[in-house]
Each structure stands twice: as C-alpha cells, then as structure tokens.
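K.L.:
So here's target-v4.txt, just compact mmCIF, C-alpha atoms:
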```txt
# COMPACT_ATOMS: atom_id res chain seq x y z
CA MET A 945 89.11 103.66 106.91
CA THR A 946 87.28 105.98 104.53
CA GLU A 947 89.35 108.83 103.16
CA THR A 948 88.20 112.41 102.64
CA ALA A 949 86.91 113.59 99.28
CA PRO A 950 89.81 116.03 98.72
CA ARG A 951 92.28 113.22 99.31
CA LEU A 952 90.44 110.97 96.86
CA LEU A 953 90.46 113.75 94.27
CA LEU A 954 94.15 114.23 94.87
CA GLY A 955 94.65 110.54 94.12
CA LEU A 956 92.62 110.85 90.93
CA PHE A 957 94.64 113.89 89.84
CA THR A 958 97.97 112.20 90.58
CA GLY A 959 96.83 109.09 88.72
CA PHE A 960 95.63 111.14 85.76
CA LEU A 961 99.12 112.57 85.31
CA PHE A 962 100.72 109.14 85.84
CA GLY A 963 98.49 107.58 83.17
CA PHE A 964 99.07 110.50 80.80
CA PHE A 965 102.85 110.15 81.16
CA LEU A 966 102.82 106.34 80.78
CA GLN A 967 100.79 106.62 77.57
CA LYS A 968 102.97 109.43 76.14
CA GLY A 969 106.02 107.34 76.96
CA HIS A 970 104.58 104.37 75.00
CA VAL A 971 105.29 102.00 77.88
CA SER A 972 101.64 100.99 77.49
CA LYS A 973 102.56 99.15 74.28
CA PHE A 974 103.05 95.38 74.07
CA ARG A 975 105.94 95.71 71.63
CA VAL A 976 107.76 98.23 73.83
CA ILE A 977 107.48 96.07 76.97
CA VAL A 978 108.37 92.77 75.28
CA GLY A 979 110.97 94.56 73.13
CA GLN A 980 112.74 95.63 76.33
CA PHE A 981 113.08 92.04 77.51
CA LEU A 982 114.39 91.07 74.07
CA LEU A 983 116.94 93.90 74.47
CA ARG A 984 115.74 95.55 71.27
CA ASP A 985 113.92 98.54 72.74
CA PHE A 986 115.26 100.22 75.87
CA THR A 987 112.33 102.57 76.49
CA VAL A 988 111.25 100.78 79.69
CA LEU A 989 114.70 100.79 81.26
CA LYS A 990 115.37 104.42 80.31
CA THR A 991 112.01 105.52 81.69
CA MET A 992 112.27 103.56 84.94
CA LEU A 993 115.87 104.48 85.70
CA THR A 994 115.23 108.18 85.01
CA ALA A 995 112.14 108.09 87.26
CA ILE A 996 114.18 106.38 90.00
CA LEU A 997 117.01 108.92 89.77
CA VAL A 998 114.90 112.07 89.57
CA GLY A 999 112.41 110.70 92.10
CA GLY A 1000 115.11 109.50 94.48
CA ILE A 1001 117.11 112.74 94.52
CA GLY A 1002 113.94 114.76 95.06
CA VAL A 1003 112.40 112.54 97.71
CA TYR A 1004 115.65 112.38 99.72
CA ALA A 1005 115.95 116.19 99.44
CA LEU A 1006 112.35 116.61 100.60
CA LYS A 1007 113.04 114.20 103.46
CA ALA A 1008 116.06 116.30 104.50
CA LEU A 1009 113.82 119.36 104.52
CA GLY A 1010 111.27 117.51 106.67
CA LEU A 1011 108.64 117.64 103.92
CA ALA A 1012 108.45 113.92 103.15
CA ALA A 1013 108.74 110.62 105.00
CA LEU A 1014 110.01 107.39 103.45
CA HIS A 1015 107.81 104.31 103.09
CA VAL A 1016 110.25 101.47 102.59
CA LYS A 1017 108.79 98.01 102.10
CA PRO A 1018 110.36 95.17 104.10
CA ALA A 1019 113.23 93.31 102.39
CA GLN A 1020 111.66 89.84 102.63
CA LEU A 1021 114.45 88.41 100.52
CA VAL A 1022 112.85 85.07 99.57
CA ALA A 1023 109.34 86.43 98.95
CA VAL A 1024 110.52 89.49 97.02
CA ALA A 1025 112.97 87.50 94.87
CA ALA A 1026 110.42 84.76 94.15
CA GLY A 1027 107.72 87.37 93.53
CA GLY A 1028 109.95 89.26 91.10
CA LEU A 1029 110.81 86.08 89.19
CA VAL A 1030 107.14 85.09 88.92
CA PHE A 1031 106.20 88.67 88.00
CA GLY A 1032 108.68 88.77 85.09
CA ILE A 1033 107.10 85.68 83.51
CA GLY A 1034 103.64 87.19 83.79
CA MET A 1035 104.77 90.57 82.50
CA VAL A 1036 106.21 89.10 79.29
CA LEU A 1037 103.23 86.79 78.71
CA LEU A 1038 100.79 89.66 79.23
CA GLY A 1039 102.97 92.32 77.60
CA TYR A 1040 102.07 94.90 80.25
CA CYS A 1041 102.54 95.43 83.98
CA PRO A 1042 99.67 96.51 86.27
CA GLY A 1043 99.99 100.29 85.73
CA THR A 1044 100.77 100.11 82.02
CA GLY A 1045 98.04 97.44 81.65
CA VAL A 1046 95.46 99.91 82.98
CA ALA A 1047 96.86 102.50 80.56
CA ALA A 1048 96.73 100.05 77.64
CA ALA A 1049 93.14 99.13 78.53
CA ALA A 1050 92.31 102.85 78.43
CA GLU A 1051 93.79 102.97 74.92
CA GLY A 1052 91.28 100.29 74.00
CA GLN A 1053 93.58 97.27 73.91
CA ARG A 1054 91.31 94.29 74.59
CA ASP A 1055 94.15 91.99 75.60
CA ALA A 1056 94.94 94.42 78.43
CA PHE A 1057 91.35 94.10 79.72
CA PHE A 1058 91.77 90.32 79.85
CA GLY A 1059 95.08 90.88 81.61
CA LEU A 1060 93.35 92.99 84.25
CA LEU A 1061 90.73 90.27 84.77
CA GLY A 1062 93.58 87.83 85.27
CA MET A 1063 95.17 90.20 87.79
CA PHE A 1064 91.91 90.28 89.76
CA LEU A 1065 91.84 86.47 89.86
CA GLY A 1066 95.52 86.28 90.82
CA SER A 1067 95.00 88.79 93.63
CA ALA A 1068 91.97 86.86 94.89
CA ILE A 1069 93.92 83.57 94.88
CA PHE A 1070 96.78 85.21 96.77
CA ALA A 1071 94.40 86.63 99.39
CA GLU A 1072 93.16 83.07 100.08
CA PHE A 1073 96.70 81.84 100.70
CA TYR A 1074 97.95 84.95 102.47
CA GLY A 1075 97.43 83.42 105.92
CA SER A 1076 100.00 80.68 105.30
CA VAL A 1077 102.31 82.62 102.95
CA SER A 1078 102.65 85.55 105.36
CA THR A 1079 103.76 83.28 108.20
CA THR A 1080 106.22 81.25 106.09
CA ILE A 1081 107.82 82.51 102.85
CA MET A 1082 107.33 86.17 103.74
CA LYS A 1083 109.14 85.60 107.04
CA TRP A 1084 112.18 83.87 105.54
CA TYR A 1085 115.26 86.12 105.48
CA ASP A 1086 113.18 89.20 106.28
CA LEU A 1087 115.65 92.05 106.82
CA GLY A 1088 112.85 94.52 107.53
CA PRO A 1089 112.37 97.92 105.85
CA VAL A 1090 116.05 98.37 105.01
CA THR A 1091 117.63 100.57 102.33
CA ILE A 1092 120.82 99.96 100.36
CA SER A 1093 122.53 102.83 102.16
CA GLY A 1094 121.41 101.45 105.53
CA LEU A 1095 122.64 97.97 104.64
CA LEU A 1096 126.05 99.26 103.46
CA GLY A 1097 126.31 101.85 106.22
CA VAL A 1098 126.97 104.70 103.79
CA PRO A 1099 125.07 107.99 103.33
CA SER A 1100 122.05 107.91 100.99
CA TRP A 1101 123.61 110.64 98.87
CA THR A 1102 126.64 108.44 98.19
CA VAL A 1103 124.36 105.71 96.83
CA LEU A 1104 122.34 108.22 94.80
CA ALA A 1105 125.54 109.71 93.35
CA ALA A 1106 126.89 106.28 92.43
CA LEU A 1107 123.57 105.34 90.90
CA SER A 1108 123.52 108.56 88.87
CA VAL A 1109 126.97 107.85 87.45
CA VAL A 1110 126.04 104.29 86.47
CA ALA A 1111 122.70 105.33 84.94
CA LEU A 1112 124.17 108.24 82.97
CA ALA A 1113 126.96 106.00 81.64
CA LEU A 1114 124.36 103.43 80.62
CA PHE A 1115 122.18 106.06 78.90
CA HIS A 1116 125.25 107.38 77.08
CA GLN A 1117 126.07 103.88 75.80
CA LEU A 1118 122.47 103.19 74.78
CA GLU A 1119 122.27 106.42 72.78
CA LYS A 1120 125.60 105.67 71.11
CA ILE A 1121 124.41 102.25 69.92
CA ARG A 1122 121.43 103.85 68.19
CA MET B 21 99.05 122.38 73.27
CA LYS B 22 101.00 120.92 70.38
CA LEU B 23 103.09 119.05 72.91
CA LEU B 24 100.01 117.40 74.40
CA SER B 25 98.96 116.02 71.03
CA ARG B 26 102.43 114.80 70.13
CA PRO B 27 102.07 110.99 70.11
CA ARG B 28 105.32 110.15 71.83
CA TRP B 29 107.53 111.80 74.42
CA SER B 30 111.17 110.95 75.12
CA PRO B 31 111.65 108.25 77.78
CA TYR B 32 113.95 110.61 79.69
CA ALA B 33 111.25 113.30 79.76
CA VAL B 34 108.59 110.81 80.82
CA GLY B 35 110.88 109.28 83.45
CA SER B 36 111.69 112.73 84.86
CA LEU B 37 108.00 113.64 84.99
CA ILE B 38 107.18 110.39 86.82
CA GLY B 39 110.02 111.17 89.22
CA VAL B 40 108.62 114.64 89.92
CA LEU B 41 105.15 113.13 90.29
CA SER B 42 106.65 110.91 93.01
CA TRP B 43 107.77 114.00 94.93
CA PHE B 44 104.23 115.32 94.60
CA ALA B 45 102.72 112.06 95.91
CA PHE B 46 105.10 111.90 98.87
CA VAL B 47 104.46 115.53 99.87
CA THR B 48 100.71 115.82 99.23
CA ALA B 49 99.51 112.31 100.12
CA ASP B 50 102.43 110.85 102.11
CA ARG B 51 102.23 107.87 99.74
CA PRO B 52 104.52 106.37 97.10
CA LEU B 53 103.06 105.68 93.65
CA GLY B 54 101.74 102.11 93.48
CA VAL B 55 99.11 100.26 91.50
CA SER B 56 98.68 96.57 92.27
CA THR B 57 97.32 96.77 95.84
CA ALA B 58 94.34 98.72 94.48
CA LEU B 59 93.59 95.81 92.14
CA ALA B 60 93.51 93.45 95.13
CA LYS B 61 91.22 95.89 96.95
CA THR B 62 88.90 95.94 93.93
CA VAL B 63 88.54 92.18 93.99
CA GLY B 64 88.04 92.39 97.77
CA MET B 65 85.16 94.83 97.29
CA ALA B 66 83.60 92.51 94.69
CA GLU B 67 83.95 89.52 97.06
CA GLN B 68 82.47 91.61 99.86
CA ALA B 69 79.30 92.10 97.82
CA ILE B 70 78.93 88.32 97.41
CA ALA B 71 80.38 86.86 100.61
CA PRO B 72 80.96 89.59 103.23
CA ALA B 73 81.69 87.14 106.07
CA HIS B 74 84.39 85.43 104.02
CA VAL B 75 86.14 88.75 103.36
CA ASP B 76 85.84 89.83 107.01
CA ALA B 77 87.59 86.64 108.11
CA ASN B 78 90.35 86.85 105.49
CA PRO B 79 93.71 87.90 106.94
CA TYR B 80 94.83 89.64 103.72
CA PHE B 81 91.75 91.85 103.60
CA LYS B 82 92.08 92.50 107.33
CA LYS B 83 95.52 93.96 106.67
CA PHE B 84 94.54 95.70 103.41
CA PRO B 85 90.85 96.58 103.88
CA PRO B 86 88.99 96.64 100.54
CA ALA B 87 87.88 100.23 100.07
CA VAL B 88 88.12 103.11 97.64
CA ASP B 89 91.14 105.05 98.87
CA TRP B 90 93.84 107.38 97.49
CA GLU B 91 95.61 104.53 95.68
CA TRP B 92 92.37 103.18 94.19
CA MET B 93 91.62 106.65 92.82
CA LEU B 94 95.18 106.79 91.51
CA VAL B 95 94.46 103.71 89.38
CA ALA B 96 91.16 105.20 88.16
CA GLY B 97 93.15 108.31 87.28
CA ILE B 98 95.70 106.27 85.29
CA PHE B 99 92.84 105.01 83.14
CA LEU B 100 91.49 108.53 82.54
CA GLY B 101 94.93 110.04 81.94
CA ALA B 102 96.01 107.37 79.47
CA PHE B 103 92.65 107.61 77.70
CA THR B 104 93.03 111.39 77.38
CA SER B 105 96.62 111.13 76.18
CA ALA B 106 95.74 108.54 73.52
CA ARG B 107 92.81 110.68 72.32
CA LEU B 108 94.96 113.82 72.10
CA SER B 109 97.56 111.89 70.14
CA GLY B 110 94.94 110.64 67.69
CA GLU B 111 96.73 107.31 67.58
CA ARG B 112 95.61 104.49 65.36
CA PRO B 113 94.67 101.50 67.52
CA GLU B 114 97.27 98.77 67.85
CA PRO B 115 96.46 95.45 66.15
CA LYS B 116 94.09 93.29 68.22
CA VAL B 117 96.73 90.59 68.41
CA PRO B 118 100.25 92.08 68.71
CA ARG B 119 102.36 91.22 65.66
CA LEU B 120 105.12 89.62 67.69
CA TRP B 121 102.54 87.33 69.32
CA GLN B 122 101.06 86.56 65.87
CA HIS B 123 104.42 85.44 64.50
CA ARG B 124 104.77 82.99 67.35
CA PHE B 125 101.24 81.92 68.29
CA GLY B 126 99.11 82.77 65.25
CA SER B 127 96.37 85.32 64.76
CA SER B 128 93.69 83.85 67.07
CA ALA B 129 92.37 86.64 69.28
CA ALA B 130 90.93 84.08 71.73
CA LEU B 131 94.36 82.54 72.27
CA ARG B 132 95.91 86.00 72.79
CA TYR B 133 93.22 86.90 75.33
CA ALA B 134 93.74 83.59 77.15
CA GLY B 135 97.49 84.25 77.22
CA ALA B 136 96.93 87.77 78.51
CA PHE B 137 94.56 86.48 81.20
CA LEU B 138 97.05 83.83 82.34
CA GLY B 139 99.82 86.43 82.27
CA GLY B 140 97.68 88.64 84.49
CA VAL B 141 97.11 85.85 87.01
CA ILE B 142 100.86 85.09 87.21
CA LEU B 143 101.75 88.78 87.38
CA ALA B 144 99.37 89.44 90.27
CA LEU B 145 100.61 86.41 92.24
CA GLY B 146 104.18 87.68 91.84
CA ALA B 147 103.28 91.25 92.77
CA ARG B 148 101.42 90.17 95.91
CA LEU B 149 104.19 87.85 97.02
CA ALA B 150 106.75 90.63 96.54
CA GLY B 151 104.48 93.27 98.09
CA GLY B 152 104.25 95.46 95.00
CA CYS B 153 104.56 95.72 91.23
CA THR B 154 106.67 97.67 88.75
CA SER B 155 105.38 100.92 90.29
CA GLY B 156 105.26 100.21 94.02
CA ASN B 157 108.44 98.14 94.17
CA GLY B 158 110.26 98.81 90.89
CA ILE B 159 110.01 102.61 90.80
CA SER B 160 108.82 103.80 94.24
CA GLY B 161 110.83 101.21 96.18
CA SER B 162 113.99 101.68 94.12
CA LEU B 163 113.88 105.49 94.31
CA GLN B 164 113.80 105.20 98.10
CA LEU B 165 116.85 102.94 97.70
CA ALA B 166 114.86 100.09 99.28
CA VAL B 167 116.60 96.73 99.13
CA SER B 168 113.18 95.19 98.34
CA GLY B 169 112.71 97.53 95.36
CA TRP B 170 116.07 96.82 93.74
CA LEU B 171 115.85 93.07 94.42
CA PHE B 172 112.41 92.97 92.80
CA PHE B 173 113.61 95.03 89.82
CA ALA B 174 116.60 92.73 89.26
CA CYS B 175 114.58 89.52 89.59
CA LEU B 176 111.76 90.65 87.32
CA PHE B 177 114.32 91.68 84.73
CA VAL B 178 116.19 88.38 84.78
CA SER B 179 113.04 86.28 84.53
CA GLY B 180 111.53 88.63 81.94
CA LEU B 181 114.65 88.27 79.78
CA ALA B 182 114.56 84.48 80.06
CA THR B 183 110.82 84.32 79.30
CA ALA B 184 111.08 86.71 76.35
CA PHE B 185 113.99 84.83 74.79
CA VAL B 186 112.25 81.47 75.25
CA LEU B 187 109.02 82.79 73.70
CA TYR B 188 110.29 85.18 71.05
CA GLY B 189 114.06 84.80 70.83
CA LYS B 190 113.93 83.58 67.23
CA GLU B 191 111.67 86.36 65.95
CA SER B 192 113.63 89.02 64.11
CA ASN B 193 110.96 91.71 63.92
CA LEU B 194 109.12 93.45 66.73
CA ASP B 195 106.38 94.61 64.33
```
So that I can check it, write out the structure of this file as structure tokens.
P.N.:
Amino acid sequence: MTETAPRLLLGLFTGFLFGFFLQKGHVSKFRVIVGQFLLRDFTVLKTMLTAILVGGIGVYALKALGLAALHVKPAQLVAVAAGGLVFGIGMVLLGYCPGTGVAAAAEGQRDAFFGLLGMFLGSAIFAEFYGSVSTTIMKWYDLGPVTISGLLGVPSWTVLAALSVVALALFHQLEKIR
Amino acid sequence: MKLLSRPRWSPYAVGSLIGVLSWFAFVTADRPLGVSTALAKTVGMAEQAIAPAHVDANPYFKKFPPAVDWEWMLVAGIFLGAFTSARLSGERPEPKVPRLWQHRFGSSAALRYAGAFLGGVILALGARLAGGCTSGNGISGSLQLAVSGWLFFACLFVSGLATAFVLYGKESNLD
C-alpha cells in the first residue's frame, strides 16, 4: 500500500498549488463561504463553476487522447443526497469546507483548527458505522459510477457545451448585478 | 513576483487554475483532487497507534487503509501552499471570531470554537456518507460530469442556503 517517494512529492507539489490558489481566491475566508450561502458574495460559485468547466473540458480532452482515465464515484442517490444535505449544514456552521479549512488553518485561523479536529472526530464516528451504512443507505438507489451524459445517452461534449453556456450566462448576470 | 504578493486573485483566474491543476492530477497521478478521505486516513493512523486490532477489524479502514499516500500529501501541500500564499500577501489576520458570527452569537471565542468543532463533525459525517467533499465530489466529480458530483453540489447548496438564512438571514453586514 505504500507509495513511492516521487509520487508522494508529486502529491505535495499538487497540494501546494491547490492551497496557494484557494488562499489567493479567498475561499479560505469565513465571510466568503457564508456570504455565498447568503447570496451576497458569489466567489465560491464562480470559482467552483470555472474549475468544473475548465477542468471538465481538459480532462475529457485528455481522456480522448488516451492520457487520462475517469474516476467517477458511484451515484448512490440516497447516500449522496443525504450526505450533501448534512454537509451543507456543517459547512455553514464551520464557515469552511475540508480543503478551505486546511487553508484557513494555515492562515492561522484558530476556528479552522477546531473545525479540523471536529472533522477527525466525524470521520472516526463514520468509520465505526461504515459496516452498517455501507450495506444499507449506500446501497439504496445506487446507479453505479454513472455520468450525466451516460444517464441521458448524449455525448459528453454536448453536456459540457450546455454547461458552458449556462455558466457563462450566469457569470454575465452576476457581473452585471455588481 | 508582484502577482504572487497580490492578496487576492479573481475567482475566474483561481477557478481556471484549479481546473488546470485537475488535468495535472489526472495525468501525473491518475487521481482526481480530493481532501476529506485523507482526513479519515489521518484519524485511522492515530487510532492504529492506540488500538491496532480495532483498526484492522474495521471495514472502513479495510477499504481505505490508513496510510500516508498521494492524497494525504496533497492535504499537507494545501497547508503549505496556503501558508505561503498568506505570507506573500502580508495579510492582516482575520478577527478571532468572525464578525458575522459575533453579531449573531456574541464575541466568545470558546463558543465560536465549539461551533466550528461541531460544524466539522457534521461536515465530515456528510462527506463520508456522500463519498467526498467539496473537492472530491463538488469539483472533481462534477467536472467528470458524475451524477454523484452534481447531486452532492446541489444538495449541499440547498442545505447551506437554508442553514445560512436561518442563522444569519437577518444580519445586514458580512463584516
């Protein structure tokens, strides 16, 4: 299970850039995260949607060239929906998500350190219940590792194009309001 | 170099850079960007030091063996990268208790830390149930057009909106 030193360094390098970008984007700030959910600051949505678009177009292009393989998580509809709903409550209460929480802790925000401690406890609790959760809730309405394009039976590029149009229209509106 | 010490970059620039970083992760490591599983592995390693037999018998840790791997190093890197960025920006530290929280819950740091801790517990339970967090599901899942990613994104947004409006809906100022 141990990974090679170059691979570990590669992870550290990739993470360094990720953390640098998150901090420069100010998504490591409580008021930016909570402000998004109050619909007063759209930094989080703009950042995430842009990352999804740029990332998606590139990853699907790399896949077409045979340079990348997809890693799609199973669409366990009940578990993912319930998990997302629970996650949203925690994210607003904490004011960070896991990645931005690590970034905020690095900035010296003490509340983020307490948030990380809470995440450790939450993960430990989940591990104790995984045996029963994985054979029940996580099995309910499990569609497997399916994509939107697979589900609709349309090409991935059609979905990416549609998504681009919607996101660009949304960005245009958001910039107009300001 | 001036760019590196600029305190804030445009969300579109940052989003694009994270997107390109995703390409890099897929090609060089054959992995999507993700954070929360590494946190579970950390707690698994800590438990292993205290009760190794308990961890060995646990089905979660059987499936996700607690070890320092690419993703764990990614999280360590996030810490270093954010630290470096903040230093280069020369930012003044944020208030100990965020102002919005102060308006609603008062200036007690202990209460804020307790709230953050509880938020962290809830967040981790949600992430584990969904199989990923804002990074692994929200960004990496969605960019692969995964149904799981978009469903997670939508659900976290709806519940985040509801929670934020219940907690802070009456506050007029973010700062």
K.L.:
Atom CA of Ala1049 of chain A and atom CA of Phe137 of chain B, how far apart in Å?
P.N.:
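Pair atom CA of Phe137 of chain B / atom CA of Ala1049 of chain A returns 13.0 Å.
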K.L.:
At what distance in Å, to one decimal, does atom CA of Gly1062 of chain A lie from atom CA of Ala144 of chain B?
P.N.:
7.8 Å
K.L.:
With all atoms listed in the file as the basis for distance, which of B:Phe81, B:Tyr32, B:Trp121, B:Phe185 is at the shortest distance from Gln68 of chain B?
P.N.:
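Going through B:Phe81, B:Tyr32, B:Trp121, B:Phe185 one by one, the smallest distance to Gln68 of chain B is for B:Phe81.
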K.L.:
As an exercise, work out the distance from atom CA of Trp170 of chain B to atom CA of Ser1108 of chain A in Å and give it to one decimal place.
P.N.:
14.7 Å
K.L.:
Near Val1030 of chain A, counting all atoms listed in the file, which residues have an atom at most 12 Å away, once you skip same-chain residues fewer than 4 positions from it, shown as a ChimeraX atom specification?
P.N.:
/A:1023-1026,1034-1037,1066 /B:139-150,153,172-173,175-180,182-183
K.L.:
Find, counting all atoms listed in the file, the residue in A:Ser1100, A:Thr1044, A:Thr1079, A:Thr1091 that gets nearest to chain B.
P.N.:
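Result for the nearest residue to chain B: A:Thr1091.
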K.L.:
For chain B, which residue among A:Gly1075, A:Pro950, A:Gly1010, A:Gly1094 is the nearest when counting all atoms listed in the file?
P.N.:
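Under the stated criterion, the closest residue is A:Gly1075.
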K.L.:
From the set A:His970, A:Leu1014, A:Lys1083, A:Phe981, which residue has the shortest atom-to-atom contact distance to Ser42 of chain B, counting all atoms listed in the file?
P.N.:
A:Leu1014
K.L.:
Find the residues around Ser127 of chain B up to 10 Å (only C-alpha atoms counted), leave out those fewer than 4 positions away in its own chain, and share them as a PyMOL selection string.
P.N.:
chain B and resi 116-119+121-123+131-132
K.L.:
Between B:Val88, B:Ile98, B:Ala73, B:Phe44, which one has atoms that come closest to chain A, using only C-alpha atoms?
P.N.:
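Of B:Val88, B:Ile98, B:Ala73, B:Phe44, the one nearest chain A is B:Ile98, counting only C-alpha atoms.
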K.L.:
Using all atoms listed in the file, can you tell me which of A:Leu1021, A:Met992, A:Leu956, A:Leu997 comes closest to Ile977 of chain A?
P.N.:
A:Met992
K.L.:
For segment 52-66 of chain B, list every protein, DNA or RNA residue within 7 Å, evaluated using all atoms listed in the file, and leave out those in the same chain fewer than 3 positions away; present the list as a PyMOL selection string.
P.N.:
(chain A and resi 1042-1043+1064+1067-1068) or (chain B and resi 42+45-46+69-70+75+81+85-87+91-92+95+152-153+155-156+160)
K.L.:
Determine, counting only C-alpha atoms, which protein, DNA and RNA residues have an atom within 7 Å of an atom of Val998 of chain A; residues of the same chain fewer than 5 positions away are not included. Present the result as a ChimeraX atom specification.
P.N.:
/B:36,39-40
K.L.:
With all heavy atoms as the goal, would you fill in the gaps in segment 1049-1059 of chain A and present it as an mmCIF file, in the coordinates of the input?
P.N.:
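File written: part23.cif
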```cif
data_model
loop_
_atom_site.group_PDB
_atom_site.id
_atom_site.type_symbol
_atom_site.label_atom_id
_atom_site.label_comp_id
_atom_site.auth_asym_id
_atom_site.auth_seq_id
_atom_site.Cartn_x
_atom_site.Cartn_y
_atom_site.Cartn_z
ATOM 1 N N ALA A 1049 94.588 99.359 78.577
ATOM 2 C CA ALA A 1049 93.140 99.130 78.530
ATOM 3 C C ALA A 1049 92.427 100.434 78.174
ATOM 4 O O ALA A 1049 91.476 100.435 77.389
ATOM 5 C CB ALA A 1049 92.652 98.583 79.873
ATOM 6 N N ALA A 1050 92.917 101.545 78.721
ATOM 7 C CA ALA A 1050 92.310 102.850 78.430
ATOM 8 C C ALA A 1050 92.493 103.235 76.967
ATOM 9 O O ALA A 1050 91.671 103.937 76.395
ATOM 10 C CB ALA A 1050 92.923 103.930 79.328
ATOM 11 N N GLU A 1051 93.574 102.729 76.355
ATOM 12 C CA GLU A 1051 93.790 102.970 74.920
ATOM 13 C C GLU A 1051 92.830 102.148 74.081
ATOM 14 O O GLU A 1051 92.710 102.364 72.885
ATOM 15 C CB GLU A 1051 95.212 102.543 74.519
ATOM 16 C CG GLU A 1051 96.294 103.520 74.841
ATOM 17 C CD GLU A 1051 97.644 102.981 74.372
ATOM 18 O OE1 GLU A 1051 97.706 102.136 73.460
ATOM 19 O OE2 GLU A 1051 98.656 103.401 74.952
ATOM 20 N N GLY A 1052 92.209 101.158 74.719
ATOM 21 C CA GLY A 1052 91.280 100.290 74.000
ATOM 22 C C GLY A 1052 91.851 98.929 73.643
ATOM 23 O O GLY A 1052 91.256 98.205 72.847
ATOM 24 N N GLN A 1053 92.986 98.583 74.197
ATOM 25 C CA GLN A 1053 93.580 97.270 73.910
ATOM 26 C C GLN A 1053 92.805 96.190 74.673
ATOM 27 O O GLN A 1053 92.821 96.157 75.893
ATOM 28 C CB GLN A 1053 95.052 97.225 74.331
ATOM 29 C CG GLN A 1053 95.932 98.246 73.635
ATOM 30 C CD GLN A 1053 95.843 98.150 72.135
ATOM 31 O OE1 GLN A 1053 95.772 97.063 71.575
ATOM 32 N NE2 GLN A 1053 95.818 99.280 71.467
ATOM 33 N N ARG A 1054 92.146 95.301 73.930
ATOM 34 C CA ARG A 1054 91.310 94.290 74.590
ATOM 35 C C ARG A 1054 92.143 93.296 75.375
ATOM 36 O O ARG A 1054 91.723 92.798 76.416
ATOM 37 C CB ARG A 1054 90.487 93.527 73.555
ATOM 38 C CG ARG A 1054 89.445 94.419 72.970
ATOM 39 C CD ARG A 1054 88.183 93.638 72.642
ATOM 40 N NE ARG A 1054 87.406 94.456 71.711
ATOM 41 C CZ ARG A 1054 86.881 94.006 70.589
ATOM 42 N NH1 ARG A 1054 87.026 92.727 70.264
ATOM 43 N NH2 ARG A 1054 86.218 94.798 69.803
ATOM 44 N N ASP A 1055 93.338 92.971 74.862
ATOM 45 C CA ASP A 1055 94.150 91.990 75.600
ATOM 46 C C ASP A 1055 94.497 92.515 76.995
ATOM 47 O O ASP A 1055 94.555 91.746 77.957
ATOM 48 C CB ASP A 1055 95.414 91.587 74.820
ATOM 49 C CG ASP A 1055 96.285 92.764 74.401
ATOM 50 O OD1 ASP A 1055 95.863 93.931 74.584
ATOM 51 O OD2 ASP A 1055 97.391 92.521 73.882
ATOM 52 N N ALA A 1056 94.635 93.844 77.119
ATOM 53 C CA ALA A 1056 94.940 94.420 78.430
ATOM 54 C C ALA A 1056 93.759 94.255 79.394
ATOM 55 O O ALA A 1056 93.948 94.025 80.591
ATOM 56 C CB ALA A 1056 95.302 95.905 78.286
ATOM 57 N N PHE A 1057 92.528 94.335 78.865
ATOM 58 C CA PHE A 1057 91.350 94.100 79.720
ATOM 59 C C PHE A 1057 91.369 92.665 80.257
ATOM 60 O O PHE A 1057 91.099 92.435 81.434
ATOM 61 C CB PHE A 1057 90.054 94.341 78.930
ATOM 62 C CG PHE A 1057 89.605 95.766 78.944
ATOM 63 C CD1 PHE A 1057 89.755 96.573 77.831
ATOM 64 C CD2 PHE A 1057 89.027 96.314 80.090
ATOM 65 C CE1 PHE A 1057 89.344 97.900 77.838
ATOM 66 C CE2 PHE A 1057 88.610 97.636 80.113
ATOM 67 C CZ PHE A 1057 88.771 98.432 78.993
ATOM 68 N N PHE A 1058 91.693 91.708 79.384
ATOM 69 C CA PHE A 1058 91.770 90.320 79.850
ATOM 70 C C PHE A 1058 92.903 90.162 80.868
ATOM 71 O O PHE A 1058 92.781 89.403 81.821
ATOM 72 C CB PHE A 1058 91.941 89.360 78.667
ATOM 73 C CG PHE A 1058 90.655 89.122 77.939
ATOM 74 C CD1 PHE A 1058 90.305 89.901 76.837
ATOM 75 C CD2 PHE A 1058 89.770 88.148 78.379
ATOM 76 C CE1 PHE A 1058 89.095 89.712 76.173
ATOM 77 C CE2 PHE A 1058 88.556 87.945 77.724
ATOM 78 C CZ PHE A 1058 88.220 88.729 76.615
ATOM 79 N N GLY A 1059 93.984 90.893 80.653
ATOM 80 C CA GLY A 1059 95.080 90.880 81.610
ATOM 81 C C GLY A 1059 94.641 91.380 82.976
ATOM 82 O O GLY A 1059 94.982 90.800 84.007
#
```
